[in-house]
Structure formats: C-alpha cells, structure tokens
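Enquirer: Supplied structure: target_22.pdb, PDB, C-alpha atoms.
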```pdb
ATOM      1  CA  MET Q   1      63.797 176.781 -25.572
ATOM      2  CA  ASP Q   2      63.926 175.212 -29.020
ATOM      3  CA  SER Q   3      63.811 171.439 -28.915
ATOM      4  CA  LEU Q   4      67.126 169.736 -29.525
ATOM      5  CA  ALA Q   5      65.741 166.222 -29.576
ATOM      6  CA  ALA Q   6      62.487 164.771 -30.759
ATOM      7  CA  THR Q   7      60.169 163.712 -27.971
ATOM      8  CA  PRO Q   8      60.370 159.906 -27.767
ATOM      9  CA  GLY Q   9      57.334 158.142 -29.238
ATOM     10  CA  THR Q  10      55.654 161.217 -30.785
ATOM     11  CA  GLY Q  11      55.285 162.696 -34.273
ATOM     12  CA  PRO Q  12      57.751 161.483 -36.865
ATOM     13  CA  ALA Q  13      60.145 160.306 -34.172
ATOM     14  CA  THR Q  14      58.432 157.099 -33.199
ATOM     15  CA  ASN Q  15      61.656 155.484 -32.038
ATOM     16  CA  PRO Q  16      61.363 155.139 -28.225
ATOM     17  CA  LEU Q  17      65.021 156.156 -27.829
ATOM     18  CA  PRO Q  18      66.132 159.776 -27.659
ATOM     19  CA  VAL Q  19      66.996 161.366 -30.988
ATOM     20  CA  ILE Q  20      69.833 163.824 -30.516
ATOM     21  CA  ARG Q  21      69.953 166.905 -32.686
ATOM     22  CA  PRO Q  22      73.008 169.119 -32.411
ATOM     23  CA  GLY Q  23      72.594 172.395 -30.574
ATOM     24  CA  ALA Q  24      73.457 175.724 -32.160
ATOM     25  CA  ARG Q  25      76.956 175.404 -30.705
ATOM     26  CA  LYS Q  26      78.715 173.683 -27.882
ATOM     27  CA  ARG Q  27      78.003 175.410 -24.596
ATOM     28  CA  ARG Q  28      81.070 176.630 -22.754
ATOM     29  CA  PHE Q  29      81.731 177.366 -19.117
ATOM     30  CA  GLU Q  30      82.169 181.021 -20.091
ATOM     31  CA  ASP Q  31      78.600 181.053 -21.439
ATOM     32  CA  LEU Q  32      77.011 180.410 -18.041
ATOM     33  CA  PRO Q  33      74.585 183.112 -16.906
ATOM     34  CA  GLU Q  34      75.536 185.555 -14.188
ATOM     35  CA  GLY Q  35      73.441 187.339 -11.589
ATOM     36  CA  ARG Q  36      71.920 184.253  -9.993
ATOM     37  CA  THR Q  37      72.909 180.935  -8.469
ATOM     38  CA  LEU Q  38      73.314 178.218 -11.090
ATOM     39  CA  VAL Q  39      71.616 174.814 -11.041
ATOM     40  CA  MET Q  40      73.645 171.661 -11.625
ATOM     41  CA  GLY Q  41      71.540 168.568 -12.308
ATOM     42  CA  ILE Q  42      72.686 165.208 -10.930
ATOM     43  CA  LEU Q  43      72.732 162.392 -13.495
ATOM     44  CA  ASN Q  44      73.832 159.096 -11.967
ATOM     45  CA  VAL Q  45      74.539 156.478 -14.633
ATOM     46  CA  THR Q  46      74.749 153.778 -11.986
ATOM     47  CA  PRO Q  47      72.716 150.881 -10.607
ATOM     48  CA  ASP Q  48      73.425 151.746  -6.967
ATOM     49  CA  SER Q  49      73.453 155.474  -6.168
ATOM     50  CA  PHE Q  50      71.842 156.373  -2.843
ATOM     51  CA  SER Q  51      68.859 158.287  -4.242
ATOM     52  CA  ASP Q  52      68.175 157.243  -7.815
ATOM     53  CA  GLY Q  53      70.334 154.184  -8.430
ATOM     54  CA  GLY Q  54      69.082 152.134 -11.362
ATOM     55  CA  GLU Q  55      66.815 154.815 -12.844
ATOM     56  CA  HIS Q  56      69.391 155.869 -15.444
ATOM     57  CA  ASP Q  57      71.745 152.895 -15.598
ATOM     58  CA  THR Q  58      71.544 152.443 -19.370
ATOM     59  CA  THR Q  59      72.906 154.839 -21.956
ATOM     60  CA  ASP Q  60      69.510 155.581 -23.474
ATOM     61  CA  ALA Q  61      67.778 156.130 -20.118
ATOM     62  CA  ALA Q  62      70.593 158.426 -19.009
ATOM     63  CA  ILE Q  63      70.453 160.470 -22.213
ATOM     64  CA  ARG Q  64      66.680 160.867 -21.881
ATOM     65  CA  ALA Q  65      67.054 161.995 -18.272
ATOM     66  CA  GLY Q  66      69.857 164.371 -19.184
ATOM     67  CA  LEU Q  67      67.851 165.929 -22.004
ATOM     68  CA  LYS Q  68      64.949 166.489 -19.630
ATOM     69  CA  MET Q  69      67.272 168.256 -17.186
ATOM     70  CA  HIS Q  70      68.568 170.371 -20.070
ATOM     71  CA  TYR Q  71      65.052 171.364 -21.139
ATOM     72  CA  ASP Q  72      64.064 171.970 -17.506
ATOM     73  CA  GLY Q  73      66.734 174.646 -17.297
ATOM     74  CA  ALA Q  74      69.809 172.961 -15.831
ATOM     75  CA  ASP Q  75      72.829 175.185 -16.325
ATOM     76  CA  ILE Q  76      75.161 172.192 -15.944
ATOM     77  CA  ILE Q  77      74.539 168.441 -15.937
ATOM     78  CA  ASP Q  78      76.840 166.450 -13.645
ATOM     79  CA  VAL Q  79      77.302 162.935 -15.044
ATOM     80  CA  GLY Q  80      78.663 160.247 -12.730
ATOM     81  CA  GLY Q  81      79.313 156.576 -13.322
ATOM     82  CA  GLU Q  82      80.378 155.416  -9.850
ATOM     83  CA  SER Q  83      78.321 155.490  -6.673
ATOM     84  CA  THR Q  84      79.946 156.934  -3.551
ATOM     85  CA  ARG Q  85      77.424 155.664  -1.018
ATOM     86  CA  PRO Q  86      79.131 153.897   1.929
ATOM     87  CA  ASP Q  87      78.287 150.314   0.916
ATOM     88  CA  ALA Q  88      78.990 150.709  -2.801
ATOM     89  CA  GLU Q  89      81.748 148.674  -4.410
ATOM     90  CA  ARG Q  90      84.525 150.353  -6.395
ATOM     91  CA  ILE Q  91      84.415 149.851 -10.142
ATOM     92  CA  SER Q  92      87.248 150.034 -12.643
ATOM     93  CA  ALA Q  93      87.970 153.201 -14.567
ATOM     94  CA  GLU Q  94      87.183 151.248 -17.725
ATOM     95  CA  GLU Q  95      83.691 150.384 -16.471
ATOM     96  CA  GLU Q  96      83.125 153.964 -15.345
ATOM     97  CA  GLN Q  97      84.086 155.193 -18.813
ATOM     98  CA  ARG Q  98      81.860 152.631 -20.511
ATOM     99  CA  ARG Q  99      78.905 153.964 -18.538
ATOM    100  CA  ILE Q 100      79.407 157.683 -18.953
ATOM    101  CA  LEU Q 101      81.306 158.551 -22.122
ATOM    102  CA  PRO Q 102      78.443 157.930 -24.603
ATOM    103  CA  VAL Q 103      76.164 159.993 -22.356
ATOM    104  CA  VAL Q 104      78.654 162.846 -22.107
ATOM    105  CA  GLU Q 105      79.163 162.899 -25.863
ATOM    106  CA  ALA Q 106      75.432 162.850 -26.647
ATOM    107  CA  LEU Q 107      74.431 165.543 -24.165
ATOM    108  CA  ALA Q 108      77.327 167.804 -25.162
ATOM    109  CA  LYS Q 109      76.233 167.388 -28.782
ATOM    110  CA  ALA Q 110      72.744 168.518 -27.752
ATOM    111  CA  GLY Q 111      74.182 171.740 -26.355
ATOM    112  CA  ALA Q 112      74.353 170.948 -22.638
ATOM    113  CA  LEU Q 113      77.319 171.935 -20.494
ATOM    114  CA  ILE Q 114      78.576 168.727 -18.898
ATOM    115  CA  SER Q 115      80.439 168.181 -15.661
ATOM    116  CA  VAL Q 116      81.821 164.729 -14.936
ATOM    117  CA  ASP Q 117      81.782 163.380 -11.396
ATOM    118  CA  THR Q 118      84.882 161.206 -11.182
ATOM    119  CA  MET Q 119      87.832 160.430  -8.921
ATOM    120  CA  ASN Q 120      89.906 159.028 -11.799
ATOM    121  CA  ALA Q 121      92.203 161.242 -13.852
ATOM    122  CA  SER Q 122      92.014 158.829 -16.798
ATOM    123  CA  THR Q 123      88.215 159.094 -16.837
ATOM    124  CA  ALA Q 124      88.396 162.862 -16.477
ATOM    125  CA  GLU Q 125      90.697 163.117 -19.485
ATOM    126  CA  LYS Q 126      88.525 160.942 -21.711
ATOM    127  CA  ALA Q 127      85.408 162.816 -20.585
ATOM    128  CA  ILE Q 128      86.976 166.153 -21.533
ATOM    129  CA  GLU Q 129      87.817 164.699 -24.940
ATOM    130  CA  ALA Q 130      84.166 163.586 -25.240
ATOM    131  CA  GLY Q 131      82.908 167.119 -24.571
ATOM    132  CA  ALA Q 132      82.805 167.634 -20.806
ATOM    133  CA  GLY Q 133      83.445 171.213 -19.726
ATOM    134  CA  LEU Q 134      84.392 170.726 -16.078
ATOM    135  CA  ILE Q 135      85.421 168.033 -13.582
ATOM    136  CA  ASN Q 136      83.758 167.350 -10.241
ATOM    137  CA  ASP Q 137      86.092 165.341  -7.975
ATOM    138  CA  VAL Q 138      84.806 163.991  -4.642
ATOM    139  CA  SER Q 139      88.068 162.307  -3.622
ATOM    140  CA  GLY Q 140      88.798 165.137  -1.192
ATOM    141  CA  LEU Q 141      92.186 165.177   0.489
ATOM    142  CA  GLU Q 142      93.404 162.139  -1.460
ATOM    143  CA  PRO Q 143      93.033 162.999  -5.176
ATOM    144  CA  ASP Q 144      94.404 160.903  -8.006
ATOM    145  CA  PRO Q 145      98.100 161.952  -8.246
ATOM    146  CA  GLU Q 146      97.629 162.664 -11.958
ATOM    147  CA  MET Q 147      94.605 164.931 -11.482
ATOM    148  CA  PRO Q 148      96.393 168.260 -10.746
ATOM    149  CA  GLU Q 149      98.558 168.028 -13.876
ATOM    150  CA  LEU Q 150      95.529 167.104 -16.014
ATOM    151  CA  ILE Q 151      93.506 170.071 -14.775
ATOM    152  CA  ALA Q 152      96.447 172.421 -15.321
ATOM    153  CA  ARG Q 153      97.058 171.096 -18.840
ATOM    154  CA  THR Q 154      93.439 171.072 -20.022
ATOM    155  CA  LYS Q 155      92.551 174.353 -18.235
ATOM    156  CA  VAL Q 156      89.043 173.100 -17.401
ATOM    157  CA  PRO Q 157      87.290 174.269 -14.220
ATOM    158  CA  TYR Q 158      87.667 171.835 -11.329
ATOM    159  CA  ILE Q 159      85.342 171.289  -8.372
ATOM    160  CA  LEU Q 160      87.486 170.568  -5.346
ATOM    161  CA  MET Q 161      85.379 168.944  -2.643
ATOM    162  CA  HIS Q 162      86.279 168.460   1.001
ATOM    163  CA  SER Q 163      86.378 164.896   2.274
ATOM    164  CA  ARG Q 164      88.625 162.796   4.455
ATOM    165  CA  GLY Q 165      89.736 159.273   3.674
ATOM    166  CA  SER Q 166      87.788 156.902   1.465
ATOM    167  CA  VAL Q 167      84.378 158.236   0.485
ATOM    168  CA  ARG Q 168      83.024 154.841   1.507
ATOM    169  CA  SER Q 169      84.241 154.984   5.120
ATOM    170  CA  GLN Q 170      83.345 158.476   6.197
ATOM    171  CA  ASP Q 171      81.975 158.469   9.735
ATOM    172  CA  PRO Q 172      85.234 157.567  11.571
ATOM    173  CA  LYS Q 173      86.788 160.693  10.003
ATOM    174  CA  ALA Q 174      83.957 162.983  11.166
ATOM    175  CA  SER Q 175      85.863 164.538  14.072
ATOM    176  CA  TYR Q 176      86.763 168.230  14.078
ATOM    177  CA  ASP Q 177      87.936 170.858  16.547
ATOM    178  CA  ASP Q 178      85.969 173.473  14.575
ATOM    179  CA  VAL Q 179      84.374 172.000  11.459
ATOM    180  CA  VAL Q 180      84.193 175.304   9.580
ATOM    181  CA  GLU Q 181      87.778 176.319  10.318
ATOM    182  CA  ASP Q 182      89.086 172.802   9.712
ATOM    183  CA  VAL Q 183      87.281 172.404   6.382
ATOM    184  CA  ILE Q 184      88.503 175.800   5.190
ATOM    185  CA  ALA Q 185      92.085 175.004   6.223
ATOM    186  CA  GLU Q 186      92.068 171.580   4.572
ATOM    187  CA  LEU Q 187      90.479 172.880   1.370
ATOM    188  CA  THR Q 188      93.084 175.641   1.240
ATOM    189  CA  THR Q 189      95.943 173.164   1.658
ATOM    190  CA  LEU Q 190      94.525 170.934  -1.077
ATOM    191  CA  ARG Q 191      93.925 173.919  -3.357
ATOM    192  CA  ASP Q 192      97.556 174.927  -2.985
ATOM    193  CA  ARG Q 193      98.638 171.509  -4.285
ATOM    194  CA  PHE Q 194      96.732 172.246  -7.478
ATOM    195  CA  TYR Q 195      98.276 175.704  -7.650
ATOM    196  CA  GLU Q 196     101.718 174.092  -7.522
ATOM    197  CA  ALA Q 197     100.802 172.008 -10.572
ATOM    198  CA  GLY Q 198      99.852 175.127 -12.525
ATOM    199  CA  VAL Q 199      96.098 175.293 -11.942
ATOM    200  CA  THR Q 200      94.857 178.889 -11.804
ATOM    201  CA  PRO Q 201      92.572 180.365  -9.106
ATOM    202  CA  GLU Q 202      89.846 180.927 -11.713
ATOM    203  CA  GLN Q 203      89.646 177.191 -12.387
ATOM    204  CA  ILE Q 204      88.958 176.225  -8.769
ATOM    205  CA  ILE Q 205      85.418 175.762  -7.429
ATOM    206  CA  LEU Q 206      85.076 174.831  -3.753
ATOM    207  CA  ASP Q 207      82.561 172.359  -2.308
ATOM    208  CA  PRO Q 208      82.438 171.852   1.489
ATOM    209  CA  GLY Q 209      81.380 168.223   0.957
ATOM    210  CA  LEU Q 210      78.165 167.971   2.955
ATOM    211  CA  GLY Q 211      77.770 164.416   4.229
ATOM    212  CA  PHE Q 212      81.335 163.397   3.387
ATOM    213  CA  ALA Q 213      83.217 162.690   6.626
ATOM    214  CA  LYS Q 214      80.627 164.839   8.388
ATOM    215  CA  ASN Q 215      77.603 164.275  10.569
ATOM    216  CA  SER Q 216      74.395 166.313  10.519
ATOM    217  CA  GLU Q 217      75.680 168.852  13.030
ATOM    218  CA  HIS Q 218      78.731 169.471  10.849
ATOM    219  CA  ASP Q 219      76.605 169.886   7.729
ATOM    220  CA  TRP Q 220      74.370 172.493   9.355
ATOM    221  CA  ALA Q 221      77.374 174.377  10.718
ATOM    222  CA  LEU Q 222      78.894 174.589   7.247
ATOM    223  CA  LEU Q 223      75.645 175.829   5.738
ATOM    224  CA  ARG Q 224      75.266 178.484   8.434
ATOM    225  CA  ASN Q 225      78.783 179.683   7.614
ATOM    226  CA  VAL Q 226      78.801 179.393   3.839
ATOM    227  CA  ASP Q 227      79.723 183.084   3.649
ATOM    228  CA  ARG Q 228      83.117 182.169   5.122
ATOM    229  CA  LEU Q 229      83.713 179.938   2.112
ATOM    230  CA  THR Q 230      82.590 182.489  -0.452
ATOM    231  CA  VAL Q 231      85.062 185.101   0.844
ATOM    232  CA  LEU Q 232      88.000 182.815  -0.075
ATOM    233  CA  GLY Q 233      87.719 184.194  -3.595
ATOM    234  CA  HIS Q 234      86.511 181.055  -5.379
ATOM    235  CA  LYS Q 235      83.149 179.976  -6.694
ATOM    236  CA  VAL Q 236      81.321 177.781  -4.157
ATOM    237  CA  LEU Q 237      79.125 174.776  -4.940
ATOM    238  CA  ILE Q 238      76.636 173.377  -2.420
ATOM    239  CA  GLY Q 239      75.409 169.788  -2.733
ATOM    240  CA  ALA Q 240      72.648 169.314  -0.165
ATOM    241  CA  SER Q 241      70.124 167.532  -2.356
ATOM    242  CA  ARG Q 242      68.415 164.606  -0.589
ATOM    243  CA  LYS Q 243      71.383 164.220   1.762
ATOM    244  CA  ARG Q 244      71.202 162.246   5.004
ATOM    245  CA  PHE Q 245      71.176 165.320   7.252
ATOM    246  CA  LEU Q 246      67.898 166.403   5.629
ATOM    247  CA  GLY Q 247      66.422 162.958   6.173
ATOM    248  CA  SER Q 248      67.392 163.154   9.850
ATOM    249  CA  LEU Q 249      65.761 166.567  10.168
ATOM    250  CA  LEU Q 250      62.519 165.188   8.751
ATOM    251  CA  THR Q 251      62.392 162.179  11.070
ATOM    252  CA  THR Q 252      58.864 160.954  11.802
ATOM    253  CA  ALA Q 253      58.044 158.318  14.424
ATOM    254  CA  GLY Q 254      61.745 157.623  14.814
ATOM    255  CA  LYS Q 255      62.299 157.009  11.112
ATOM    256  CA  ALA Q 256      64.320 159.347   8.915
ATOM    257  CA  ALA Q 257      62.653 160.511   5.712
ATOM    258  CA  PRO Q 258      63.835 158.473   2.705
ATOM    259  CA  PRO Q 259      65.704 160.289  -0.100
ATOM    260  CA  ALA Q 260      62.630 160.646  -2.324
ATOM    261  CA  GLU Q 261      60.850 162.596   0.441
ATOM    262  CA  ARG Q 262      63.605 165.178   0.952
ATOM    263  CA  ASP Q 263      62.986 167.381  -2.089
ATOM    264  CA  SER Q 264      61.007 170.090  -0.279
ATOM    265  CA  ALA Q 265      63.763 170.457   2.297
ATOM    266  CA  THR Q 266      66.287 170.547  -0.546
ATOM    267  CA  LEU Q 267      64.399 173.476  -2.102
ATOM    268  CA  ALA Q 268      64.711 175.367   1.168
ATOM    269  CA  THR Q 269      68.475 174.822   1.264
ATOM    270  CA  THR Q 270      68.707 175.948  -2.372
ATOM    271  CA  ALA Q 271      66.850 179.203  -1.744
ATOM    272  CA  LEU Q 272      68.888 179.943   1.369
ATOM    273  CA  ALA Q 273      72.195 179.061  -0.316
ATOM    274  CA  ALA Q 274      71.282 181.290  -3.249
ATOM    275  CA  SER Q 275      70.551 184.146  -0.850
ATOM    276  CA  GLN Q 276      74.108 183.707   0.466
ATOM    277  CA  GLY Q 277      75.591 184.109  -3.001
ATOM    278  CA  VAL Q 278      76.784 180.577  -3.727
ATOM    279  CA  TRP Q 279      77.815 179.991  -7.312
ATOM    280  CA  ALA Q 280      75.745 176.816  -7.846
ATOM    281  CA  VAL Q 281      73.666 174.103  -6.211
ATOM    282  CA  ARG Q 282      73.876 170.448  -7.194
ATOM    283  CA  VAL Q 283      70.387 168.892  -7.197
ATOM    284  CA  HIS Q 284      68.244 165.979  -8.322
ATOM    285  CA  ASP Q 285      64.989 167.858  -9.110
ATOM    286  CA  VAL Q 286      66.148 170.439 -11.638
ATOM    287  CA  ALA Q 287      62.874 172.184 -12.529
ATOM    288  CA  ALA Q 288      61.842 172.956  -8.948
ATOM    289  CA  ASN Q 289      65.301 174.174  -7.981
ATOM    290  CA  VAL Q 290      65.482 176.429 -11.045
ATOM    291  CA  ASP Q 291      62.311 178.069  -9.719
ATOM    292  CA  ALA Q 292      63.872 178.393  -6.258
ATOM    293  CA  VAL Q 293      66.974 180.213  -7.502
ATOM    294  CA  LYS Q 294      64.839 182.527  -9.616
ATOM    295  CA  VAL Q 295      62.805 183.443  -6.528
ATOM    296  CA  ALA Q 296      65.976 184.068  -4.529
ATOM    297  CA  ALA Q 297      67.387 186.287  -7.295
ATOM    298  CA  ALA Q 298      64.148 188.291  -7.575
ATOM    299  CA  TRP Q 299      63.958 188.673  -3.774
ATOM    300  CA  GLN Q 300      67.448 190.123  -3.683
ATOM    301  CA  GLY Q 301      66.709 192.412  -6.597
TER     302      GLY Q 301
END
```
Is it possible to express this structure as structure tokens?
Expert:
Amino acid sequence: MDSLAATPGTGPATNPLPVIRPGARKRRFEDLPEGRTLVMGILNVTPDSFSDGGEHDTTDAAIRAGLKMHYDGADIIDVGGESTRPDAERISAEEEQRRILPVVEALAKAGALISVDTMNASTAEKAIEAGAGLINDVSGLEPDPEMPELIARTKVPYILMHSRGSVRSQDPKASYDDVVEDVIAELTTLRDRFYEAGVTPEQIILDPGLGFAKNSEHDWALLRNVDRLTVLGHKVLIGASRKRFLGSLLTTAGKAAPPAERDSATLATTALAASQGVWAVRVHDVAANVDAVKVAAAWQG
C-alpha cells in the first residue's frame, strides 16, 4: 500500500505528529472487498474505555493509531468518543464531537472508510458531514428518537446492535427464555422501527451485542448460532474482541485474564466467525485479525 502519511520522526517529516496526505479518493462503503469477512478496527478516542482507555485520547495520538490500522489492512475504522463500560460516566454530545470529529475528518482524508460509534443522532450527523461512511449505534432497544430519520435521510449504512436498557447497567437485563430467539425477535422489532422511518434493508447491519445485557453463557450461545442471524438477510457484525466472556474463559488461579491478554482468544473467534460467513469482525488488533480472516477465506476456498 502506498503511504498516505509520512512516518512520524523520519526523513523530511521530522514533525512528531502525523502528516496527513490525501488518498487517491474517498473510500466508500460500496468499495469494500467481497469474498471474505471484513475487519473493523476499534479506535477509542477516550480516557476510560475498558481495554485501551487513554492510549488514544488526544487527536494526534488517535490519528496516528488510526493510520496504523489503515496501513495494517483495516477495511473500516470505528471511531468512538464515549466509553460504554459499566462504570463510565456519560459525556455531552458536544464533548463527544470535540473528541472525534477532527479524527474522522483526518482519517477520511487519508482514504480510510470511517464508522462512528455513537448513541447520539447529533454526533452521527456531524460525523457524516466530516466524512464518516457508516454509523455504529450501541444504544440497542432505546435509540435516540432522531436516529431513524437521520439514517433514512442520509442513506448511510447503520449497525443496529442488540442491548437492553442503559449500556452502563447491563447485568440486571441479562435474563432470557431463549437468548438466541429473544435477541433475534428484539432485533427484528427494532429493525422494523427503522424501516418505518424509511431506512432500507440494505442499510441495516445486525450486531448481536456480545457482552451487552448478556452473560458469558449468552455470548457463547449467540456465537454458536450466528448462522441464525445471517439468514435474516442482513450483514452481520461480531464484536468479540477482548470481551469479558473471553477473559472468563481464560481464568487462571481464579483470576480472569485481563483485556490485553485476550487477543489470542479473539483471533480464534474471528476465524470461526469468518468460517460462518459473518460480514465483519470488530477488533482491537487489526493486523493479526486481517491474517485470521485471510486464513479462513483460503480454508473455505
């Protein structure tokens, strides 16, 4: 891949900050490759995300990290400005926009396809204006009332994730008669609300919401039955990267593995999800997961 930005601190670009050079043209959702599972890189522009909070909490650090994901082969970069971990405090839409909009604009200028992880319709709209190509909404069954109309009007793809209640108070909602059937039914009901606003089936991407209002048993059940999601006729996104259920699986001496030690298990979920035909995986370690989806595609022929 031709370089789109000078490497910080080398050659004529001695400025330690990333130097953005425009890509050949803005990448569009329609340009995404087919024939394999896509890789969406997670870029948290926050001080308090569960796995990498604080690593990219300045504009320049976030742009550098995003460019690396782009060069490492990320098909999409998912930029978020608000942590959804249980003990995180809500921030204003204005603060969220302050964090992410310069990053979105810079990475889109460099030729990356940007998704924005937001629960706020006002942030989604400004992000689209800044160059974002899709919206990733984790609000679940309680979306911003203005979100359906925005998605219908802008015609951008929309990731509709399953969750119940506030994303910061999940465990009390983790009760299901049949988690797979219940998640499918609730996603379908929510999808229909977007249909009523004028959103088309082609715009909708489904995410079962691993770890959101679900315990480890629920997460594994959804992964074992991901084929039942794919047959609904929509693209399916799986976000297992470094999640709590993987930490619980890797418990040693009574202590769950911390997020940074869950990458190998994440690679296994990526390869298995790819073998089941999911549209994309949302991950922290882009380069390794790009390799995993390539292996899965080659295996399947």
Enquirer: Mind pulling up the distance from CA of Thr270 (chain Q) to CA of Asn120 (chain Q)?
Expert: 28.7 Å
Enquirer: Would you kindly translate the PyMOL selection byres ((chain Q and resi 99) around 10) into the concrete residues it picks from this file, as a compact mmCIF listing (two decimals) with C-alpha atoms, keeping the file's coordinate frame?
Expert:
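Output (expr.txt):
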```txt
# COMPACT_ATOMS: atom_id res chain seq x y z
CA ASN Q 44 73.83 159.10 -11.97
CA VAL Q 45 74.54 156.48 -14.63
CA THR Q 46 74.75 153.78 -11.99
CA ASP Q 57 71.74 152.90 -15.60
CA THR Q 58 71.54 152.44 -19.37
CA THR Q 59 72.91 154.84 -21.96
CA ALA Q 62 70.59 158.43 -19.01
CA VAL Q 79 77.30 162.94 -15.04
CA GLY Q 80 78.66 160.25 -12.73
CA GLY Q 81 79.31 156.58 -13.32
CA GLU Q 82 80.38 155.42 -9.85
CA ALA Q 93 87.97 153.20 -14.57
CA GLU Q 94 87.18 151.25 -17.73
CA GLU Q 95 83.69 150.38 -16.47
CA GLU Q 96 83.12 153.96 -15.34
CA GLN Q 97 84.09 155.19 -18.81
CA ARG Q 98 81.86 152.63 -20.51
CA ILE Q 100 79.41 157.68 -18.95
CA LEU Q 101 81.31 158.55 -22.12
CA PRO Q 102 78.44 157.93 -24.60
CA VAL Q 103 76.16 159.99 -22.36
CA VAL Q 104 78.65 162.85 -22.11
```
Enquirer: Where does the PyMOL selection byres ((chain Q and resi 190) around 10) land in this file, that is, which residues does it pick, as JSON, numbers by chain?
Expert: {"Q": [140, 141, 142, 143, 160, 161, 162, 184, 185, 186, 187, 188, 189, 191, 192, 193, 194, 195]}
Enquirer: Any chance you can output those residues with C-alpha atoms as a PDB file, in the frame of the given file?
Expert:
```
ATOM      1  CA  GLY Q 140      88.798 165.137  -1.192  1.00  0.00           C
ATOM      2  CA  LEU Q 141      92.186 165.177   0.489  1.00  0.00           C
ATOM      3  CA  GLU Q 142      93.404 162.139  -1.460  1.00  0.00           C
ATOM      4  CA  PRO Q 143      93.033 162.999  -5.176  1.00  0.00           C
ATOM      5  CA  LEU Q 160      87.486 170.568  -5.346  1.00  0.00           C
ATOM      6  CA  MET Q 161      85.379 168.944  -2.643  1.00  0.00           C
ATOM      7  CA  HIS Q 162      86.279 168.460   1.001  1.00  0.00           C
ATOM      8  CA  ILE Q 184      88.503 175.800   5.190  1.00  0.00           C
ATOM      9  CA  ALA Q 185      92.085 175.004   6.223  1.00  0.00           C
ATOM     10  CA  GLU Q 186      92.068 171.580   4.572  1.00  0.00           C
ATOM     11  CA  LEU Q 187      90.479 172.880   1.370  1.00  0.00           C
ATOM     12  CA  THR Q 188      93.084 175.641   1.240  1.00  0.00           C
ATOM     13  CA  THR Q 189      95.943 173.164   1.658  1.00  0.00           C
ATOM     14  CA  ARG Q 191      93.925 173.919  -3.357  1.00  0.00           C
ATOM     15  CA  ASP Q 192      97.556 174.927  -2.985  1.00  0.00           C
ATOM     16  CA  ARG Q 193      98.638 171.509  -4.285  1.00  0.00           C
ATOM     17  CA  PHE Q 194      96.732 172.246  -7.478  1.00  0.00           C
ATOM     18  CA  TYR Q 195      98.276 175.704  -7.650  1.00  0.00           C
TER      19      TYR Q 195
END
```
Enquirer: CA of Ser115 (chain Q) and CA of Gly133 (chain Q), how far apart in Å?
Expert: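 Going from CA of Gly133 (chain Q) over to CA of Ser115 (chain Q) covers 5.9 Å.
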Enquirer: What gap, in Å, lies between CA of Asn136 (chain Q) and CA of Thr123 (chain Q)?
Expert: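 Value for the CA of Asn136 (chain Q)-CA of Thr123 (chain Q) distance: 11.5 Å.
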Enquirer: For region 207-220 of chain Q, list every protein, DNA or RNA residue within 10 Å, evaluated using all atoms listed in the file, and leave out those in the same chain fewer than 2 positions away; present the list as a VMD selection string.
Expert: chain Q and resid 84 to 86 136 to 140 159 to 176 178 to 180 183 to 184 187 204 to 205 222 to 226 229 235 to 241 243 to 249 280 to 281
